[in-house]
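Chemist: Below you'll find the structure I mean.
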Amino acid sequence: MFALVDCNSFYASCEKIFRPDLRNKPIVVLSNNDGCVIARSAEAKKMGIKMAQPWYQIKSQYLSNGGIVFSSNYEFYADISNRVMNTLTELCPEIDIYSIDEAFLDLRSFKRNIDLVRFSYDCRKRIKKWVGVPVSIGIAPTRTLSKLANKVAKDDKRFEGVAVFERKEITNYLLKKTDIADVWGIGRKLSKRLKEIGINNAFELSKLNPRLAGNNFSVVLEKTIRELRGEPCINLNNINEPKKQIVVSRSFGRGVTSKDILHEAVSFHANRAAEKLRHEKQKCRLITIFIRSNRFSNRVKQIYASKHINLIHPTSDSRIIVKSANQILNMIYREGYEYSKAGVLLSDFVNNFGYQMSLFNRAKDTASSERLMKTVDQIKLKEIAKIGFGNLGFRNTWKMKRQMKSKRYTTNINEIPFVK
DNA sequence: TCTGGGGTCCTAGGACCC
DNA sequence: TCTGGGGTCCTAGGACCC
């Protein structure tokens with residue numbers, strides 16, 4: 001059996017932890033740039049606020065109805081997430097952290113006669129008490145089914161946050177009530193194609209021949225079908241697997257036409273990407289840059305430009321990464337367009353230890369680069385000074401809006417909560 | 001005026017090899 | 001006029017996820 005533990009309205013629940021005055025208030029949390037809604041408390045959902053809805057469309061009505069809004073505060077959410085995951089790890093060491101707010105527990109090593117419902121309620125209670133966020137738990141023979149069980153636990157009040165799919169009849173009954181678009185792994189395209197051939201709910205999907213479906217669609221669908229039938233075949237097991245790519249990208253606060261400002265943004269993202277890369281203890285061989293116009297706008301001429309370069313030898317040196325990023329920008333920039341987003345993507349990683357050096361790469365240079373980068377990272381970490389490479393600029397015209405951010409209650413000593 | 005950001009995995013097709 | 005067959009590796013792009 002597998003359990004999926006998922007925090008309810010995670011970001012919104014985080015915002016409530018240190019604000020008891022918000023207990024029963026509608027709360028939404030916005031994406032970067034205060035662009036659209038990415039989390040809603042139960043009260044906000046009741047008001048009809050939709051996921052990913054653009055903020056400007058609902059702002060005035062939502063606020064006049066007493067709604068509360070926050071810009072996203074990832075430093076805070078990441079810290080709360082760690083606390084949730086640490087608590088879970090104590091309860092079940094076989095854990096796959098799947099995203100910031102959910103984790104799979106592999107219960108196959110548990111004793112056979114353990115009361116899973118009881119275990120789940122204990123889990124829930126402990127996380128609520130120790131960390132302060134509510135979670136829902138779904139348990140089933142496969143990960144895909146545990147996802148569905150979790151959804152039932154969340155949506156159907158009778159389950160009180162815990163659903164265990166054990167009996168076949170109950171599972172089938174619920175599968176029949178589940179639209180295929182709600183099945184993990186079935187997205188927009190697949191659900192459209194499946195509905196065209198008359199497959200509408202999860203039960204019908206589970207009755208398809210897995211191998212045939214695999215040949216006609218993809219192995220992903222084949223695995224999903226097998227999982228719906230109770231045969232575990234999706235393995236995560238990526239607990240300590242290193243990342244394969246690092247992306248840093250942002251939309252600008254407003255449209256940008258100036259090449260200079262694009263250079264600032266690209267330098268800024270490249271700096272950040274290099275930091276993340278060093279934090280992962282990896283080096284990259286491939287740097288990709290992209291710039292694009294606002295794809296929602298029919299006012300501006302559309303453009304998407306991207307290009308990558310291979311490095312002669314792997315690096316995590318900010319100077320090289322920033323310089324290469326700006327070289328690419330020079331190659332892809334075209335005048336006469338209004339850009340709304342830029343991004344830096346690092347990939348093709350090698351481990352810091354034991355990789356092939358190029359013929360012309362001198363060990364001495366590598367050592368001095370690593371010392372310099374280490375120093376830079378320390379200066380930043382200890383907030384001794386602001387430091388970075390390339391033309392980072394002072395204008396900040398492209399930086400994002402984030403006007404309603406809460407405090408870093410748990411990670412900054414100057415912002416800890418006060419009790420008066 | 002204002003529509004997120006960061007990931008993974010799979011596949012088709014090209015390049016290349018014998 | 002007639003121009004093989006089978007394999008690997010790599011990459012860009014699509015689909016999906018939260």
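As shown in the structure tokens, the chain order sets the letters A, B, ...; within each chain, residues go from 1, and ligands are also counted from 1 in the order they appear.
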Stretch 68-84 of chain A: which residues within 8 Å, counting only C-alpha atoms (C1' of nucleotides), same-chain residues fewer than 4 positions away excluded, as an MDAnalysis selection string?
Modeler: chainID A and resid 11 14 25:32 34 63 88 100:101 127 131 402:411
Chemist: Could you work out which residues of chain C fall inside 12 Å of chain A? Count only C-alpha atoms (C1' of nucleotides), and format the result as a PDB file with C-alpha atoms (C1' of nucleotides), in the first residue's frame.
Modeler:
ATOM      1  C1'  DT C  11      18.339  16.275 -29.191  1.00  0.00           C
ATOM      2  C1'  DA C  12      14.301  19.192 -29.549  1.00  0.00           C
ATOM      3  C1'  DG C  14       5.610  17.768 -26.384  1.00  0.00           C
ATOM      4  C1'  DA C  15       2.899  16.375 -22.485  1.00  0.00           C
ATOM      5  C1'  DC C  16       2.386  16.323 -17.975  1.00  0.00           C
ATOM      6  C1'  DC C  17       3.033  17.473 -13.028  1.00  0.00           C
ATOM      7  C1'  DC C  18       2.659  20.779  -8.811  1.00  0.00           C
TER       8       DC C  18
END
Chemist: I want to know what sits within 10 Å of A:Leu116, based on only C-alpha atoms (C1' of nucleotides), with residues of the same chain fewer than 3 positions away left out; could you give that as a short mmCIF file (atom, residue, chain, number, x, y, z; two decimals) with all heavy atoms, in the first residue's frame?
Modeler:
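The result, stored in result-v1.cif:
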data_model
loop_
_atom_site.label_atom_id
_atom_site.label_comp_id
_atom_site.auth_asym_id
_atom_site.auth_seq_id
_atom_site.Cartn_x
_atom_site.Cartn_y
_atom_site.Cartn_z
N MET A 1 0.83 -1.20 0.00
CA MET A 1 0.00 0.00 0.00
C MET A 1 0.88 1.26 0.00
O MET A 1 1.96 1.29 0.54
CB MET A 1 -0.90 0.01 1.25
CG MET A 1 -1.85 -1.15 1.31
SD MET A 1 -3.10 -1.10 0.01
CE MET A 1 -4.50 -0.44 0.87
N ALA A 3 0.67 5.61 0.64
CA ALA A 3 -0.11 6.73 1.14
C ALA A 3 0.34 7.98 0.42
O ALA A 3 1.53 8.18 0.20
CB ALA A 3 0.10 6.89 2.64
N LEU A 107 4.16 2.03 2.20
CA LEU A 107 3.78 1.34 3.44
C LEU A 107 4.01 -0.16 3.36
O LEU A 107 3.60 -0.90 4.24
CB LEU A 107 2.30 1.61 3.75
CG LEU A 107 1.88 3.07 3.78
CD1 LEU A 107 0.39 3.18 4.07
CD2 LEU A 107 2.67 3.85 4.82
N PHE A 110 5.34 -1.96 6.28
CA PHE A 110 4.59 -1.95 7.54
C PHE A 110 4.07 -3.34 7.88
O PHE A 110 3.86 -4.16 6.99
CB PHE A 110 3.38 -1.01 7.42
CG PHE A 110 3.71 0.43 7.73
CD1 PHE A 110 4.96 0.96 7.43
CD2 PHE A 110 2.77 1.26 8.32
CE1 PHE A 110 5.26 2.28 7.70
CE2 PHE A 110 3.06 2.58 8.60
CZ PHE A 110 4.30 3.09 8.29
N ARG A 112 1.53 -6.22 8.63
CA ARG A 112 0.33 -6.47 7.84
C ARG A 112 -0.96 -6.07 8.57
O ARG A 112 -1.91 -5.63 7.96
CB ARG A 112 0.27 -7.94 7.45
CG ARG A 112 -0.49 -8.13 6.15
CD ARG A 112 -0.16 -9.44 5.51
NE ARG A 112 1.08 -9.37 4.74
CZ ARG A 112 1.51 -10.37 3.99
NH1 ARG A 112 0.83 -11.49 3.91
NH2 ARG A 112 2.64 -10.26 3.30
N ASN A 113 -0.95 -6.22 9.87
CA ASN A 113 -2.21 -5.99 10.58
C ASN A 113 -2.36 -4.57 11.12
O ASN A 113 -3.21 -4.30 11.95
CB ASN A 113 -2.34 -7.00 11.73
CG ASN A 113 -1.11 -6.94 12.63
OD1 ASN A 113 -0.19 -6.14 12.39
ND2 ASN A 113 -1.08 -7.77 13.66
N PHE A 119 -3.52 4.95 11.71
CA PHE A 119 -2.21 5.52 11.38
C PHE A 119 -2.38 6.89 10.71
O PHE A 119 -1.70 7.85 11.04
CB PHE A 119 -1.45 4.56 10.47
CG PHE A 119 -0.23 5.15 9.82
CD1 PHE A 119 0.95 5.31 10.54
CD2 PHE A 119 -0.25 5.58 8.49
CE1 PHE A 119 2.08 5.86 9.94
CE2 PHE A 119 0.88 6.13 7.89
CZ PHE A 119 2.04 6.28 8.63
N SER A 120 -3.30 6.96 9.76
CA SER A 120 -3.50 8.21 9.02
C SER A 120 -3.99 9.33 9.92
O SER A 120 -3.51 10.47 9.82
CB SER A 120 -4.51 7.99 7.89
OG SER A 120 -4.06 6.97 7.04
N TYR A 121 -4.93 9.01 10.79
CA TYR A 121 -5.42 10.07 11.68
C TYR A 121 -4.32 10.55 12.62
O TYR A 121 -4.22 11.74 12.91
CB TYR A 121 -6.65 9.59 12.47
CG TYR A 121 -7.91 9.64 11.65
CD1 TYR A 121 -8.67 8.51 11.39
CD2 TYR A 121 -8.34 10.85 11.10
CE1 TYR A 121 -9.81 8.56 10.62
CE2 TYR A 121 -9.49 10.92 10.32
CZ TYR A 121 -10.22 9.77 10.08
OH TYR A 121 -11.34 9.83 9.32
N ASP A 122 -3.48 9.64 13.08
CA ASP A 122 -2.35 10.04 13.94
C ASP A 122 -1.41 10.98 13.20
O ASP A 122 -0.95 11.99 13.73
CB ASP A 122 -1.58 8.80 14.42
CG ASP A 122 -2.35 8.02 15.47
OD1 ASP A 122 -3.36 8.55 15.97
OD2 ASP A 122 -1.96 6.88 15.76
N ILE A 139 -4.90 6.42 0.89
CA ILE A 139 -4.11 5.18 0.90
C ILE A 139 -4.73 4.17 -0.06
O ILE A 139 -5.95 4.00 -0.11
CB ILE A 139 -4.04 4.59 2.32
CG1 ILE A 139 -3.27 5.56 3.23
CG2 ILE A 139 -3.36 3.21 2.31
CD1 ILE A 139 -3.03 5.05 4.62
N VAL A 162 -9.27 11.54 5.48
CA VAL A 162 -8.54 10.27 5.34
C VAL A 162 -9.39 9.28 4.53
O VAL A 162 -10.53 9.02 4.88
CB VAL A 162 -8.24 9.64 6.72
CG1 VAL A 162 -7.70 8.23 6.54
CG2 VAL A 162 -7.24 10.49 7.48
N ALA A 163 -8.84 8.75 3.43
CA ALA A 163 -9.57 7.74 2.67
C ALA A 163 -8.65 6.57 2.37
O ALA A 163 -7.53 6.76 1.90
CB ALA A 163 -10.10 8.33 1.36
N VAL A 164 -9.10 5.38 2.68
CA VAL A 164 -8.32 4.17 2.41
C VAL A 164 -9.08 3.33 1.39
O VAL A 164 -10.22 2.94 1.64
CB VAL A 164 -8.08 3.36 3.70
CG1 VAL A 164 -7.27 2.11 3.39
CG2 VAL A 164 -7.35 4.22 4.73
#
